[in-house]
$ cat upload_32.cif   # mmCIF, N, CA and C atoms
data_model
loop_
_atom_site.label_atom_id
_atom_site.label_comp_id
_atom_site.auth_asym_id
_atom_site.auth_seq_id
_atom_site.Cartn_x
_atom_site.Cartn_y
_atom_site.Cartn_z
N MET V 1101 -147.07 -35.87 31.82
CA MET V 1101 -146.14 -36.57 32.68
C MET V 1101 -144.81 -35.81 32.71
N ILE V 1102 -144.35 -35.49 33.90
CA ILE V 1102 -143.11 -34.74 34.06
C ILE V 1102 -141.95 -35.72 34.17
N ARG V 1103 -140.91 -35.42 33.41
CA ARG V 1103 -139.70 -36.23 33.40
C ARG V 1103 -138.54 -35.36 33.88
N ILE V 1104 -137.77 -35.85 34.84
CA ILE V 1104 -136.58 -35.13 35.32
C ILE V 1104 -135.37 -35.93 34.85
N GLU V 1105 -134.43 -35.24 34.20
CA GLU V 1105 -133.23 -35.94 33.74
C GLU V 1105 -132.06 -34.98 33.62
N SER V 1106 -130.88 -35.57 33.59
CA SER V 1106 -129.65 -34.81 33.41
C SER V 1106 -129.67 -34.17 32.02
N ILE V 1107 -129.10 -32.97 31.93
CA ILE V 1107 -129.02 -32.26 30.65
C ILE V 1107 -127.57 -32.31 30.19
N SER V 1108 -127.34 -32.91 29.03
CA SER V 1108 -125.99 -33.00 28.50
C SER V 1108 -125.55 -31.64 27.95
N LYS V 1109 -124.24 -31.48 27.78
CA LYS V 1109 -123.70 -30.21 27.30
C LYS V 1109 -124.29 -29.81 25.96
N LYS V 1110 -124.60 -30.77 25.11
CA LYS V 1110 -125.14 -30.43 23.80
C LYS V 1110 -126.55 -29.85 23.88
N HIS V 1111 -127.20 -30.00 25.04
CA HIS V 1111 -128.55 -29.45 25.24
C HIS V 1111 -128.56 -28.25 26.19
N HIS V 1112 -127.37 -27.75 26.55
CA HIS V 1112 -127.31 -26.59 27.45
C HIS V 1112 -127.98 -25.36 26.85
N GLU V 1113 -127.91 -25.19 25.53
CA GLU V 1113 -128.49 -23.99 24.93
C GLU V 1113 -129.98 -23.87 25.22
N ALA V 1114 -130.72 -24.95 25.11
CA ALA V 1114 -132.16 -24.92 25.41
C ALA V 1114 -132.39 -24.57 26.88
N ALA V 1115 -131.56 -25.13 27.75
CA ALA V 1115 -131.69 -24.84 29.18
C ALA V 1115 -131.42 -23.36 29.46
N ILE V 1116 -130.38 -22.82 28.86
CA ILE V 1116 -130.02 -21.42 29.07
C ILE V 1116 -131.09 -20.50 28.49
N ASN V 1117 -131.68 -20.87 27.38
CA ASN V 1117 -132.78 -20.06 26.82
C ASN V 1117 -133.94 -19.98 27.79
N LEU V 1118 -134.27 -21.10 28.44
CA LEU V 1118 -135.34 -21.10 29.45
C LEU V 1118 -134.94 -20.23 30.64
N VAL V 1119 -133.72 -20.40 31.11
CA VAL V 1119 -133.21 -19.62 32.25
C VAL V 1119 -133.34 -18.13 31.97
N LEU V 1120 -132.88 -17.69 30.80
CA LEU V 1120 -132.93 -16.27 30.47
C LEU V 1120 -134.37 -15.77 30.36
N SER V 1121 -135.22 -16.54 29.74
CA SER V 1121 -136.62 -16.15 29.59
C SER V 1121 -137.29 -15.95 30.95
N VAL V 1122 -137.11 -16.90 31.85
CA VAL V 1122 -137.73 -16.81 33.18
C VAL V 1122 -137.10 -15.67 33.98
N PHE V 1123 -135.78 -15.52 33.89
CA PHE V 1123 -135.10 -14.43 34.58
C PHE V 1123 -135.67 -13.09 34.14
N LEU V 1124 -135.79 -12.88 32.83
CA LEU V 1124 -136.29 -11.60 32.32
C LEU V 1124 -137.74 -11.35 32.73
N GLN V 1125 -138.53 -12.40 32.79
CA GLN V 1125 -139.94 -12.25 33.12
C GLN V 1125 -140.18 -12.01 34.61
N TYR V 1126 -139.43 -12.69 35.48
CA TYR V 1126 -139.74 -12.66 36.91
C TYR V 1126 -138.70 -11.98 37.80
N GLU V 1127 -137.45 -11.90 37.36
CA GLU V 1127 -136.41 -11.45 38.27
C GLU V 1127 -135.72 -10.16 37.86
N ALA V 1128 -135.61 -9.90 36.59
CA ALA V 1128 -134.85 -8.74 36.12
C ALA V 1128 -135.36 -7.43 36.72
N CYS V 1129 -136.64 -7.36 37.01
CA CYS V 1129 -137.22 -6.13 37.58
C CYS V 1129 -136.62 -5.79 38.95
N ASP V 1130 -136.03 -6.77 39.62
CA ASP V 1130 -135.41 -6.55 40.93
C ASP V 1130 -133.95 -6.13 40.84
N TYR V 1131 -133.43 -6.03 39.61
CA TYR V 1131 -132.01 -5.76 39.42
C TYR V 1131 -131.76 -4.46 38.67
N SER V 1132 -130.59 -3.88 38.93
CA SER V 1132 -130.12 -2.74 38.14
C SER V 1132 -129.66 -3.28 36.78
N GLN V 1133 -129.39 -2.37 35.86
CA GLN V 1133 -128.88 -2.80 34.56
C GLN V 1133 -127.56 -3.53 34.72
N GLU V 1134 -126.75 -3.09 35.70
CA GLU V 1134 -125.48 -3.78 35.96
C GLU V 1134 -125.74 -5.24 36.35
N GLY V 1135 -126.72 -5.47 37.22
CA GLY V 1135 -127.04 -6.83 37.64
C GLY V 1135 -127.55 -7.69 36.50
N ILE V 1136 -128.40 -7.12 35.66
CA ILE V 1136 -128.90 -7.84 34.50
C ILE V 1136 -127.74 -8.22 33.58
N ASN V 1137 -126.84 -7.27 33.35
CA ASN V 1137 -125.68 -7.54 32.50
C ASN V 1137 -124.78 -8.60 33.11
N THR V 1138 -124.58 -8.56 34.43
CA THR V 1138 -123.75 -9.56 35.11
C THR V 1138 -124.36 -10.95 34.94
N PHE V 1139 -125.68 -11.05 35.13
CA PHE V 1139 -126.36 -12.34 34.98
C PHE V 1139 -126.23 -12.85 33.55
N LYS V 1140 -126.50 -11.99 32.59
CA LYS V 1140 -126.40 -12.40 31.18
C LYS V 1140 -124.98 -12.83 30.84
N ALA V 1141 -123.98 -12.14 31.37
CA ALA V 1141 -122.58 -12.51 31.10
C ALA V 1141 -122.28 -13.89 31.67
N PHE V 1142 -122.80 -14.19 32.87
CA PHE V 1142 -122.58 -15.49 33.48
C PHE V 1142 -123.18 -16.60 32.63
N ILE V 1143 -124.44 -16.45 32.23
CA ILE V 1143 -125.08 -17.55 31.49
C ILE V 1143 -124.61 -17.66 30.04
N SER V 1144 -123.91 -16.64 29.54
CA SER V 1144 -123.40 -16.73 28.17
C SER V 1144 -121.92 -17.10 28.13
N ASN V 1145 -121.33 -17.34 29.30
CA ASN V 1145 -119.92 -17.72 29.39
C ASN V 1145 -119.81 -19.25 29.35
N PRO V 1146 -119.27 -19.81 28.25
CA PRO V 1146 -119.20 -21.27 28.14
C PRO V 1146 -118.44 -21.94 29.29
N GLU V 1147 -117.37 -21.31 29.79
CA GLU V 1147 -116.63 -21.90 30.90
C GLU V 1147 -117.49 -22.01 32.15
N SER V 1148 -118.24 -20.94 32.44
CA SER V 1148 -119.13 -20.96 33.61
C SER V 1148 -120.18 -22.04 33.47
N ILE V 1149 -120.82 -22.09 32.33
CA ILE V 1149 -121.92 -23.03 32.11
C ILE V 1149 -121.43 -24.47 32.07
N ASP V 1150 -120.30 -24.70 31.39
CA ASP V 1150 -119.79 -26.07 31.28
C ASP V 1150 -119.31 -26.62 32.62
N SER V 1151 -119.07 -25.75 33.60
CA SER V 1151 -118.62 -26.23 34.91
C SER V 1151 -119.79 -26.67 35.80
N LEU V 1152 -121.02 -26.46 35.33
CA LEU V 1152 -122.20 -26.79 36.12
C LEU V 1152 -122.77 -28.15 35.72
N GLU V 1153 -123.44 -28.78 36.68
CA GLU V 1153 -124.19 -30.00 36.39
C GLU V 1153 -125.66 -29.62 36.29
N PHE V 1154 -126.24 -29.86 35.13
CA PHE V 1154 -127.62 -29.45 34.84
C PHE V 1154 -128.58 -30.63 34.93
N ASN V 1155 -129.76 -30.36 35.49
CA ASN V 1155 -130.89 -31.28 35.43
C ASN V 1155 -132.08 -30.48 34.95
N GLY V 1156 -132.93 -31.14 34.18
CA GLY V 1156 -134.09 -30.46 33.62
C GLY V 1156 -135.38 -31.21 33.89
N ALA V 1157 -136.47 -30.45 33.88
CA ALA V 1157 -137.81 -31.02 33.97
C ALA V 1157 -138.43 -30.86 32.58
N TYR V 1158 -139.03 -31.93 32.10
CA TYR V 1158 -139.59 -31.95 30.76
C TYR V 1158 -141.03 -32.43 30.79
N ILE V 1159 -141.84 -31.85 29.94
CA ILE V 1159 -143.15 -32.39 29.60
C ILE V 1159 -143.08 -32.67 28.12
N ASN V 1160 -143.33 -33.92 27.77
CA ASN V 1160 -143.04 -34.41 26.42
C ASN V 1160 -141.57 -34.12 26.17
N ASN V 1161 -141.22 -33.36 25.16
CA ASN V 1161 -139.81 -33.04 24.95
C ASN V 1161 -139.52 -31.57 25.18
N GLU V 1162 -140.44 -30.87 25.84
CA GLU V 1162 -140.26 -29.44 26.12
C GLU V 1162 -139.65 -29.26 27.50
N ILE V 1163 -138.55 -28.51 27.55
CA ILE V 1163 -137.92 -28.22 28.84
C ILE V 1163 -138.73 -27.14 29.55
N ILE V 1164 -139.11 -27.43 30.80
CA ILE V 1164 -139.95 -26.49 31.54
C ILE V 1164 -139.31 -26.06 32.86
N GLY V 1165 -138.17 -26.67 33.20
CA GLY V 1165 -137.48 -26.30 34.43
C GLY V 1165 -136.03 -26.70 34.36
N VAL V 1166 -135.19 -25.94 35.06
CA VAL V 1166 -133.74 -26.18 35.07
C VAL V 1166 -133.21 -25.95 36.48
N ILE V 1167 -132.36 -26.85 36.92
CA ILE V 1167 -131.57 -26.63 38.13
C ILE V 1167 -130.14 -27.02 37.78
N ALA V 1168 -129.21 -26.15 38.15
CA ALA V 1168 -127.79 -26.41 37.85
C ALA V 1168 -126.98 -26.17 39.10
N THR V 1169 -126.04 -27.08 39.35
CA THR V 1169 -125.24 -27.03 40.57
C THR V 1169 -123.74 -27.07 40.26
N ARG V 1170 -122.98 -26.68 41.28
CA ARG V 1170 -121.52 -26.85 41.24
C ARG V 1170 -121.08 -27.35 42.61
N ASN V 1171 -119.78 -27.55 42.76
CA ASN V 1171 -119.23 -28.07 44.03
C ASN V 1171 -119.85 -29.41 44.41
N ASN V 1172 -119.85 -30.34 43.46
CA ASN V 1172 -120.38 -31.69 43.68
C ASN V 1172 -121.85 -31.68 44.11
N GLY V 1173 -122.60 -30.77 43.53
CA GLY V 1173 -124.02 -30.69 43.83
C GLY V 1173 -124.36 -29.97 45.11
N ASN V 1174 -123.37 -29.33 45.72
CA ASN V 1174 -123.60 -28.70 47.01
C ASN V 1174 -123.89 -27.20 46.94
N HIS V 1175 -123.92 -26.63 45.75
CA HIS V 1175 -124.30 -25.21 45.58
C HIS V 1175 -125.19 -25.09 44.34
N ILE V 1176 -126.35 -24.50 44.52
CA ILE V 1176 -127.27 -24.27 43.40
C ILE V 1176 -126.88 -22.96 42.74
N ALA V 1177 -126.53 -23.04 41.46
CA ALA V 1177 -126.12 -21.85 40.70
C ALA V 1177 -127.28 -21.28 39.89
N LEU V 1178 -128.15 -22.14 39.38
CA LEU V 1178 -129.30 -21.72 38.58
C LEU V 1178 -130.49 -22.60 38.96
N PHE V 1179 -131.67 -21.97 39.07
CA PHE V 1179 -132.89 -22.73 39.42
C PHE V 1179 -134.07 -21.95 38.88
N PHE V 1180 -134.63 -22.40 37.77
CA PHE V 1180 -135.69 -21.67 37.08
C PHE V 1180 -136.75 -22.63 36.56
N VAL V 1181 -138.02 -22.25 36.71
CA VAL V 1181 -139.14 -23.01 36.19
C VAL V 1181 -140.00 -22.07 35.35
N ASP V 1182 -140.37 -22.52 34.18
CA ASP V 1182 -141.25 -21.77 33.29
C ASP V 1182 -142.48 -21.31 34.08
N GLY V 1183 -142.83 -20.04 33.94
CA GLY V 1183 -143.94 -19.45 34.70
C GLY V 1183 -145.26 -20.18 34.53
N ARG V 1184 -145.49 -20.80 33.40
CA ARG V 1184 -146.73 -21.54 33.18
C ARG V 1184 -146.84 -22.74 34.11
N TYR V 1185 -145.72 -23.13 34.72
CA TYR V 1185 -145.70 -24.32 35.56
C TYR V 1185 -145.33 -24.03 37.01
N HIS V 1186 -145.37 -22.74 37.39
CA HIS V 1186 -145.10 -22.41 38.80
C HIS V 1186 -146.19 -23.01 39.69
N ARG V 1187 -145.82 -23.30 40.93
CA ARG V 1187 -146.73 -23.79 41.96
C ARG V 1187 -147.37 -25.14 41.61
N GLN V 1188 -146.60 -25.96 40.87
CA GLN V 1188 -147.09 -27.29 40.52
C GLN V 1188 -146.14 -28.39 41.00
N GLY V 1189 -145.18 -28.04 41.84
CA GLY V 1189 -144.28 -29.04 42.41
C GLY V 1189 -143.07 -29.39 41.56
N ILE V 1190 -142.91 -28.71 40.44
CA ILE V 1190 -141.79 -29.02 39.54
C ILE V 1190 -140.46 -28.62 40.16
N GLY V 1191 -140.42 -27.44 40.78
CA GLY V 1191 -139.20 -27.02 41.45
C GLY V 1191 -138.81 -27.98 42.56
N ARG V 1192 -139.78 -28.45 43.30
CA ARG V 1192 -139.51 -29.41 44.39
C ARG V 1192 -138.93 -30.70 43.81
N LYS V 1193 -139.45 -31.16 42.68
CA LYS V 1193 -138.92 -32.38 42.05
C LYS V 1193 -137.49 -32.17 41.57
N LEU V 1194 -137.21 -31.00 41.02
CA LEU V 1194 -135.84 -30.70 40.60
C LEU V 1194 -134.91 -30.64 41.81
N PHE V 1195 -135.36 -30.01 42.88
CA PHE V 1195 -134.55 -29.92 44.09
C PHE V 1195 -134.30 -31.31 44.68
N GLN V 1196 -135.26 -32.20 44.58
CA GLN V 1196 -135.10 -33.56 45.11
C GLN V 1196 -133.93 -34.26 44.42
N VAL V 1197 -133.75 -34.03 43.13
CA VAL V 1197 -132.63 -34.62 42.40
C VAL V 1197 -131.31 -34.09 42.97
N VAL V 1198 -131.26 -32.79 43.26
CA VAL V 1198 -130.06 -32.20 43.85
C VAL V 1198 -129.78 -32.83 45.22
N LEU V 1199 -130.82 -32.99 46.03
CA LEU V 1199 -130.65 -33.62 47.34
C LEU V 1199 -130.04 -35.02 47.21
N GLU V 1200 -130.52 -35.76 46.24
CA GLU V 1200 -130.04 -37.13 46.05
C GLU V 1200 -128.61 -37.17 45.54
N LYS V 1201 -128.23 -36.21 44.69
CA LYS V 1201 -126.91 -36.23 44.06
C LYS V 1201 -125.83 -35.49 44.85
N SER V 1202 -126.21 -34.56 45.71
CA SER V 1202 -125.20 -33.76 46.41
C SER V 1202 -124.37 -34.64 47.34
N THR V 1203 -123.13 -34.24 47.53
CA THR V 1203 -122.20 -35.08 48.28
C THR V 1203 -122.01 -34.65 49.73
N GLY V 1204 -122.43 -33.45 50.06
CA GLY V 1204 -122.23 -32.94 51.41
C GLY V 1204 -123.52 -32.98 52.21
N ASN V 1205 -123.44 -32.47 53.45
CA ASN V 1205 -124.66 -32.44 54.27
C ASN V 1205 -125.32 -31.06 54.24
N LYS V 1206 -124.76 -30.15 53.44
CA LYS V 1206 -125.36 -28.82 53.28
C LYS V 1206 -125.39 -28.45 51.80
N ILE V 1207 -126.44 -27.75 51.42
CA ILE V 1207 -126.57 -27.21 50.07
C ILE V 1207 -126.75 -25.71 50.22
N THR V 1208 -125.99 -24.94 49.47
CA THR V 1208 -126.07 -23.49 49.54
C THR V 1208 -126.63 -22.91 48.25
N VAL V 1209 -127.11 -21.68 48.37
CA VAL V 1209 -127.62 -20.94 47.21
C VAL V 1209 -127.51 -19.46 47.54
N ASN V 1210 -127.32 -18.67 46.53
CA ASN V 1210 -127.42 -17.21 46.65
C ASN V 1210 -128.74 -16.84 45.98
N SER V 1211 -129.77 -16.74 46.78
CA SER V 1211 -131.13 -16.57 46.26
C SER V 1211 -131.40 -15.16 45.77
N SER V 1212 -132.07 -15.07 44.65
CA SER V 1212 -132.57 -13.79 44.18
C SER V 1212 -133.68 -13.33 45.12
N PRO V 1213 -133.99 -12.03 45.11
CA PRO V 1213 -135.11 -11.56 45.95
C PRO V 1213 -136.41 -12.31 45.64
N TYR V 1214 -136.64 -12.60 44.36
CA TYR V 1214 -137.87 -13.27 43.94
C TYR V 1214 -138.01 -14.66 44.58
N ALA V 1215 -136.88 -15.36 44.77
CA ALA V 1215 -136.95 -16.77 45.16
C ALA V 1215 -136.74 -17.05 46.65
N VAL V 1216 -136.48 -16.04 47.47
CA VAL V 1216 -136.21 -16.29 48.89
C VAL V 1216 -137.31 -17.11 49.53
N GLU V 1217 -138.55 -16.73 49.33
CA GLU V 1217 -139.67 -17.47 49.96
C GLU V 1217 -139.79 -18.89 49.41
N ILE V 1218 -139.46 -19.07 48.15
CA ILE V 1218 -139.50 -20.41 47.55
C ILE V 1218 -138.45 -21.29 48.22
N TYR V 1219 -137.24 -20.76 48.38
CA TYR V 1219 -136.19 -21.54 49.05
C TYR V 1219 -136.57 -21.83 50.50
N LYS V 1220 -137.18 -20.88 51.18
CA LYS V 1220 -137.61 -21.13 52.56
C LYS V 1220 -138.59 -22.31 52.60
N LYS V 1221 -139.51 -22.38 51.64
CA LYS V 1221 -140.47 -23.48 51.60
C LYS V 1221 -139.78 -24.82 51.36
N LEU V 1222 -138.62 -24.79 50.68
CA LEU V 1222 -137.86 -26.01 50.45
C LEU V 1222 -137.01 -26.40 51.67
N GLY V 1223 -136.91 -25.49 52.66
CA GLY V 1223 -136.17 -25.78 53.88
C GLY V 1223 -134.86 -25.03 54.03
N PHE V 1224 -134.60 -24.08 53.15
CA PHE V 1224 -133.38 -23.27 53.27
C PHE V 1224 -133.58 -22.19 54.34
N ILE V 1225 -132.47 -21.81 54.96
CA ILE V 1225 -132.48 -20.76 55.98
C ILE V 1225 -131.49 -19.68 55.54
N PRO V 1226 -131.90 -18.41 55.59
CA PRO V 1226 -130.96 -17.33 55.24
C PRO V 1226 -129.76 -17.32 56.18
N ASP V 1227 -128.57 -17.12 55.60
CA ASP V 1227 -127.34 -17.04 56.39
C ASP V 1227 -127.07 -15.61 56.84
N THR V 1228 -127.41 -14.65 56.01
CA THR V 1228 -127.20 -13.23 56.29
C THR V 1228 -128.31 -12.45 55.60
N ASP V 1229 -128.27 -11.15 55.76
CA ASP V 1229 -129.19 -10.29 55.04
C ASP V 1229 -128.81 -10.24 53.57
N GLU V 1230 -129.69 -9.63 52.78
CA GLU V 1230 -129.44 -9.48 51.34
C GLU V 1230 -128.13 -8.73 51.10
N GLN V 1231 -127.43 -9.13 50.06
CA GLN V 1231 -126.19 -8.49 49.65
C GLN V 1231 -126.31 -8.09 48.18
N ILE V 1232 -125.39 -7.24 47.75
CA ILE V 1232 -125.33 -6.87 46.33
C ILE V 1232 -123.88 -6.97 45.89
N LYS V 1233 -123.66 -7.69 44.79
CA LYS V 1233 -122.32 -7.82 44.21
C LYS V 1233 -122.45 -7.73 42.70
N GLU V 1234 -121.73 -6.80 42.10
CA GLU V 1234 -121.76 -6.57 40.66
C GLU V 1234 -123.21 -6.40 40.17
N GLY V 1235 -124.02 -5.73 40.99
CA GLY V 1235 -125.41 -5.47 40.64
C GLY V 1235 -126.37 -6.61 40.91
N ILE V 1236 -125.86 -7.75 41.33
CA ILE V 1236 -126.71 -8.91 41.63
C ILE V 1236 -127.13 -8.84 43.09
N ARG V 1237 -128.44 -8.79 43.32
CA ARG V 1237 -128.99 -8.82 44.67
C ARG V 1237 -129.22 -10.28 45.05
N PHE V 1238 -128.73 -10.68 46.23
CA PHE V 1238 -128.90 -12.07 46.64
C PHE V 1238 -128.86 -12.21 48.15
N THR V 1239 -129.51 -13.26 48.61
CA THR V 1239 -129.48 -13.64 50.02
C THR V 1239 -128.82 -15.00 50.11
N PRO V 1240 -127.65 -15.10 50.76
CA PRO V 1240 -127.03 -16.42 50.94
C PRO V 1240 -127.91 -17.28 51.86
N MET V 1241 -128.17 -18.51 51.42
CA MET V 1241 -129.05 -19.40 52.17
C MET V 1241 -128.43 -20.80 52.21
N THR V 1242 -128.79 -21.56 53.23
CA THR V 1242 -128.27 -22.92 53.39
C THR V 1242 -129.40 -23.90 53.73
N TYR V 1243 -129.33 -25.06 53.11
CA TYR V 1243 -130.20 -26.19 53.43
C TYR V 1243 -129.33 -27.23 54.11
N THR V 1244 -129.74 -27.68 55.28
CA THR V 1244 -128.98 -28.71 55.99
C THR V 1244 -129.75 -30.03 55.89
N LYS V 1245 -129.06 -31.04 55.35
CA LYS V 1245 -129.67 -32.37 55.26
C LYS V 1245 -129.73 -32.98 56.65
N PHE V 1246 -130.80 -33.65 56.93
CA PHE V 1246 -130.92 -34.36 58.20
C PHE V 1246 -130.52 -35.80 57.94
N ILE V 1247 -129.44 -36.21 58.56
CA ILE V 1247 -128.91 -37.56 58.34
C ILE V 1247 -129.41 -38.45 59.45
N SER V 1248 -130.05 -39.53 59.05
CA SER V 1248 -130.61 -40.43 60.06
C SER V 1248 -129.75 -41.66 60.26
#

$ encode --input "upload_32.cif" --output "structure tokens"
Amino acid sequence: MIRIESISKKHHEAAINLVLSVFLQYEACDYSQEGINTFKAFISNPESIDSLEFNGAYINNEIIGVIATRNNGNHIALFFVDGRYHRQGIGRKLFQVVLEKSTGNKITVNSSPYAVEIYKKLGFIPDTDEQIKEGIRFTPMTYTKFIS
């Protein structure tokens, strides 16, 4: 049974460990050493991490997915699911929490090359072509909520 819940600051370390593990396994190959270092610096910076709102997916008490947002839930800063659980709807469940909590009618993300197609399946549309900043390759993307 999958449980989605908010991750308190005292549990951020477990979330960041999962983020780094998944990043190294699936995404680091798309980045230069500068990009890998930039990513590691971001996730190891307490100010950066403490400014995010984290939600996690759990099976029993094991964290298997993380989504973290800023700007009142309107920008996804981190979104990672343990590889053993890819293609099982866990990312969609995590994204649903963001949709419910976000305060605006748009959600943005700077997608890694690995995740562009995943974000497209969730309904995001690329804003521009891929960019590179401090070694991080990303495609700015936007999800527009349909308000009825």

$ resolve_selection --input "upload_32.cif" --expression "the PyMOL selection byres (((chain V and resi 1112 and name CA) around 10) and name CA)" --output "list in words"
Ile1107, Ser1108, Lys1109, Lys1110, His1111, Glu1113, Ala1114, Ala1115, Ile1116, Asn1117, Leu1118, Pro1146, Ile1149, Asp1150, Phe1154, Asn1155, Gly1156 and Val1166 of chain V

$ resolve_selection --input "upload_32.cif" --expression "the PyMOL selection byres ((chain V and resi 1120-1122) around 8)" --output "MDAnalysis selection string"
chainID V and resid 1114:1119 1123:1128 1140 1143 1180:1183

$ write_last_selection --input "upload_32.cif" --atoms "N, CA and C atoms" --output "mmCIF file, in the frame of the given file"
data_model
loop_
_atom_site.group_PDB
_atom_site.id
_atom_site.type_symbol
_atom_site.label_atom_id
_atom_site.label_comp_id
_atom_site.auth_asym_id
_atom_site.auth_seq_id
_atom_site.Cartn_x
_atom_site.Cartn_y
_atom_site.Cartn_z
ATOM 1 N N ALA V 1114 -130.720 -24.950 25.110
ATOM 2 C CA ALA V 1114 -132.160 -24.920 25.410
ATOM 3 C C ALA V 1114 -132.390 -24.570 26.880
ATOM 4 N N ALA V 1115 -131.560 -25.130 27.750
ATOM 5 C CA ALA V 1115 -131.690 -24.840 29.180
ATOM 6 C C ALA V 1115 -131.420 -23.360 29.460
ATOM 7 N N ILE V 1116 -130.380 -22.820 28.860
ATOM 8 C CA ILE V 1116 -130.020 -21.420 29.070
ATOM 9 C C ILE V 1116 -131.090 -20.500 28.490
ATOM 10 N N ASN V 1117 -131.680 -20.870 27.380
ATOM 11 C CA ASN V 1117 -132.780 -20.060 26.820
ATOM 12 C C ASN V 1117 -133.940 -19.980 27.790
ATOM 13 N N LEU V 1118 -134.270 -21.100 28.440
ATOM 14 C CA LEU V 1118 -135.340 -21.100 29.450
ATOM 15 C C LEU V 1118 -134.940 -20.230 30.640
ATOM 16 N N VAL V 1119 -133.720 -20.400 31.110
ATOM 17 C CA VAL V 1119 -133.210 -19.620 32.250
ATOM 18 C C VAL V 1119 -133.340 -18.130 31.970
ATOM 19 N N PHE V 1123 -135.780 -15.520 33.890
ATOM 20 C CA PHE V 1123 -135.100 -14.430 34.580
ATOM 21 C C PHE V 1123 -135.670 -13.090 34.140
ATOM 22 N N LEU V 1124 -135.790 -12.880 32.830
ATOM 23 C CA LEU V 1124 -136.290 -11.600 32.320
ATOM 24 C C LEU V 1124 -137.740 -11.350 32.730
ATOM 25 N N GLN V 1125 -138.530 -12.400 32.790
ATOM 26 C CA GLN V 1125 -139.940 -12.250 33.120
ATOM 27 C C GLN V 1125 -140.180 -12.010 34.610
ATOM 28 N N TYR V 1126 -139.430 -12.690 35.480
ATOM 29 C CA TYR V 1126 -139.740 -12.660 36.910
ATOM 30 C C TYR V 1126 -138.700 -11.980 37.800
ATOM 31 N N GLU V 1127 -137.450 -11.900 37.360
ATOM 32 C CA GLU V 1127 -136.410 -11.450 38.270
ATOM 33 C C GLU V 1127 -135.720 -10.160 37.860
ATOM 34 N N ALA V 1128 -135.610 -9.900 36.590
ATOM 35 C CA ALA V 1128 -134.850 -8.740 36.120
ATOM 36 C C ALA V 1128 -135.360 -7.430 36.720
ATOM 37 N N LYS V 1140 -126.500 -11.990 32.590
ATOM 38 C CA LYS V 1140 -126.400 -12.400 31.180
ATOM 39 C C LYS V 1140 -124.980 -12.830 30.840
ATOM 40 N N ILE V 1143 -124.440 -16.450 32.230
ATOM 41 C CA ILE V 1143 -125.080 -17.550 31.490
ATOM 42 C C ILE V 1143 -124.610 -17.660 30.040
ATOM 43 N N PHE V 1180 -134.630 -22.400 37.770
ATOM 44 C CA PHE V 1180 -135.690 -21.670 37.080
ATOM 45 C C PHE V 1180 -136.750 -22.630 36.560
ATOM 46 N N VAL V 1181 -138.020 -22.250 36.710
ATOM 47 C CA VAL V 1181 -139.140 -23.010 36.190
ATOM 48 C C VAL V 1181 -140.000 -22.070 35.350
ATOM 49 N N ASP V 1182 -140.370 -22.520 34.180
ATOM 50 C CA ASP V 1182 -141.250 -21.770 33.290
ATOM 51 C C ASP V 1182 -142.480 -21.310 34.080
ATOM 52 N N GLY V 1183 -142.830 -20.040 33.940
ATOM 53 C CA GLY V 1183 -143.940 -19.450 34.700
ATOM 54 C C GLY V 1183 -145.260 -20.180 34.530
#

$ atom_distance --input "upload_32.cif" --atom1 "atom CA of V:Val1198" --atom2 "atom CA of V:His1175"
9.2 Å

$ resolve_selection --input "upload_32.cif" --expression "the PyMOL selection byres ((chain V and resi 1241-1246) around 6.5)" --output "VMD selection string"
chain V and resid 1205 to 1211 1223 to 1228 1239 to 1240 1247 to 1248

$ atom_distance --input "upload_32.cif" --atom1 "atom CA of V:Tyr1158" --atom2 "atom CA of V:Glu1105"
8.1 Å

$ atom_distance --input "upload_32.cif" --atom1 "atom C of V:Ile1236" --atom2 "atom C of V:Arg1184"
25.7 Å

$ residues_around --input "upload_32.cif" --residues "V:Thr1169" --least-positions-apart "4" --cutoff "6.5 Å" --atoms "all atoms listed in the file" --output "mmCIF file with N, CA and C atoms, in the frame of the given file"
data_model
loop_
_atom_site.group_PDB
_atom_site.id
_atom_site.type_symbol
_atom_site.label_atom_id
_atom_site.label_comp_id
_atom_site.auth_asym_id
_atom_site.auth_seq_id
_atom_site.Cartn_x
_atom_site.Cartn_y
_atom_site.Cartn_z
ATOM 1 N N SER V 1151 -119.070 -25.750 33.600
ATOM 2 C CA SER V 1151 -118.620 -26.230 34.910
ATOM 3 C C SER V 1151 -119.790 -26.670 35.800
ATOM 4 N N LEU V 1152 -121.020 -26.460 35.330
ATOM 5 C CA LEU V 1152 -122.200 -26.790 36.120
ATOM 6 C C LEU V 1152 -122.770 -28.150 35.720
ATOM 7 N N GLU V 1153 -123.440 -28.780 36.680
ATOM 8 C CA GLU V 1153 -124.190 -30.000 36.390
ATOM 9 C C GLU V 1153 -125.660 -29.620 36.290
ATOM 10 N N PHE V 1154 -126.240 -29.860 35.130
ATOM 11 C CA PHE V 1154 -127.620 -29.450 34.840
ATOM 12 C C PHE V 1154 -128.580 -30.630 34.930
ATOM 13 N N ASN V 1155 -129.760 -30.360 35.490
ATOM 14 C CA ASN V 1155 -130.890 -31.280 35.430
ATOM 15 C C ASN V 1155 -132.080 -30.480 34.950
ATOM 16 N N GLY V 1173 -122.600 -30.770 43.530
ATOM 17 C CA GLY V 1173 -124.020 -30.690 43.830
ATOM 18 C C GLY V 1173 -124.360 -29.970 45.110
ATOM 19 N N ASN V 1174 -123.370 -29.330 45.720
ATOM 20 C CA ASN V 1174 -123.600 -28.700 47.010
ATOM 21 C C ASN V 1174 -123.890 -27.200 46.940
ATOM 22 N N HIS V 1175 -123.920 -26.630 45.750
ATOM 23 C CA HIS V 1175 -124.300 -25.210 45.580
ATOM 24 C C HIS V 1175 -125.190 -25.090 44.340
ATOM 25 N N ILE V 1176 -126.350 -24.500 44.520
ATOM 26 C CA ILE V 1176 -127.270 -24.270 43.400
ATOM 27 C C ILE V 1176 -126.880 -22.960 42.740
ATOM 28 N N ALA V 1177 -126.530 -23.040 41.460
ATOM 29 C CA ALA V 1177 -126.120 -21.850 40.700
ATOM 30 C C ALA V 1177 -127.280 -21.280 39.890
ATOM 31 N N LEU V 1178 -128.150 -22.140 39.380
ATOM 32 C CA LEU V 1178 -129.300 -21.720 38.580
ATOM 33 C C LEU V 1178 -130.490 -22.600 38.960
#
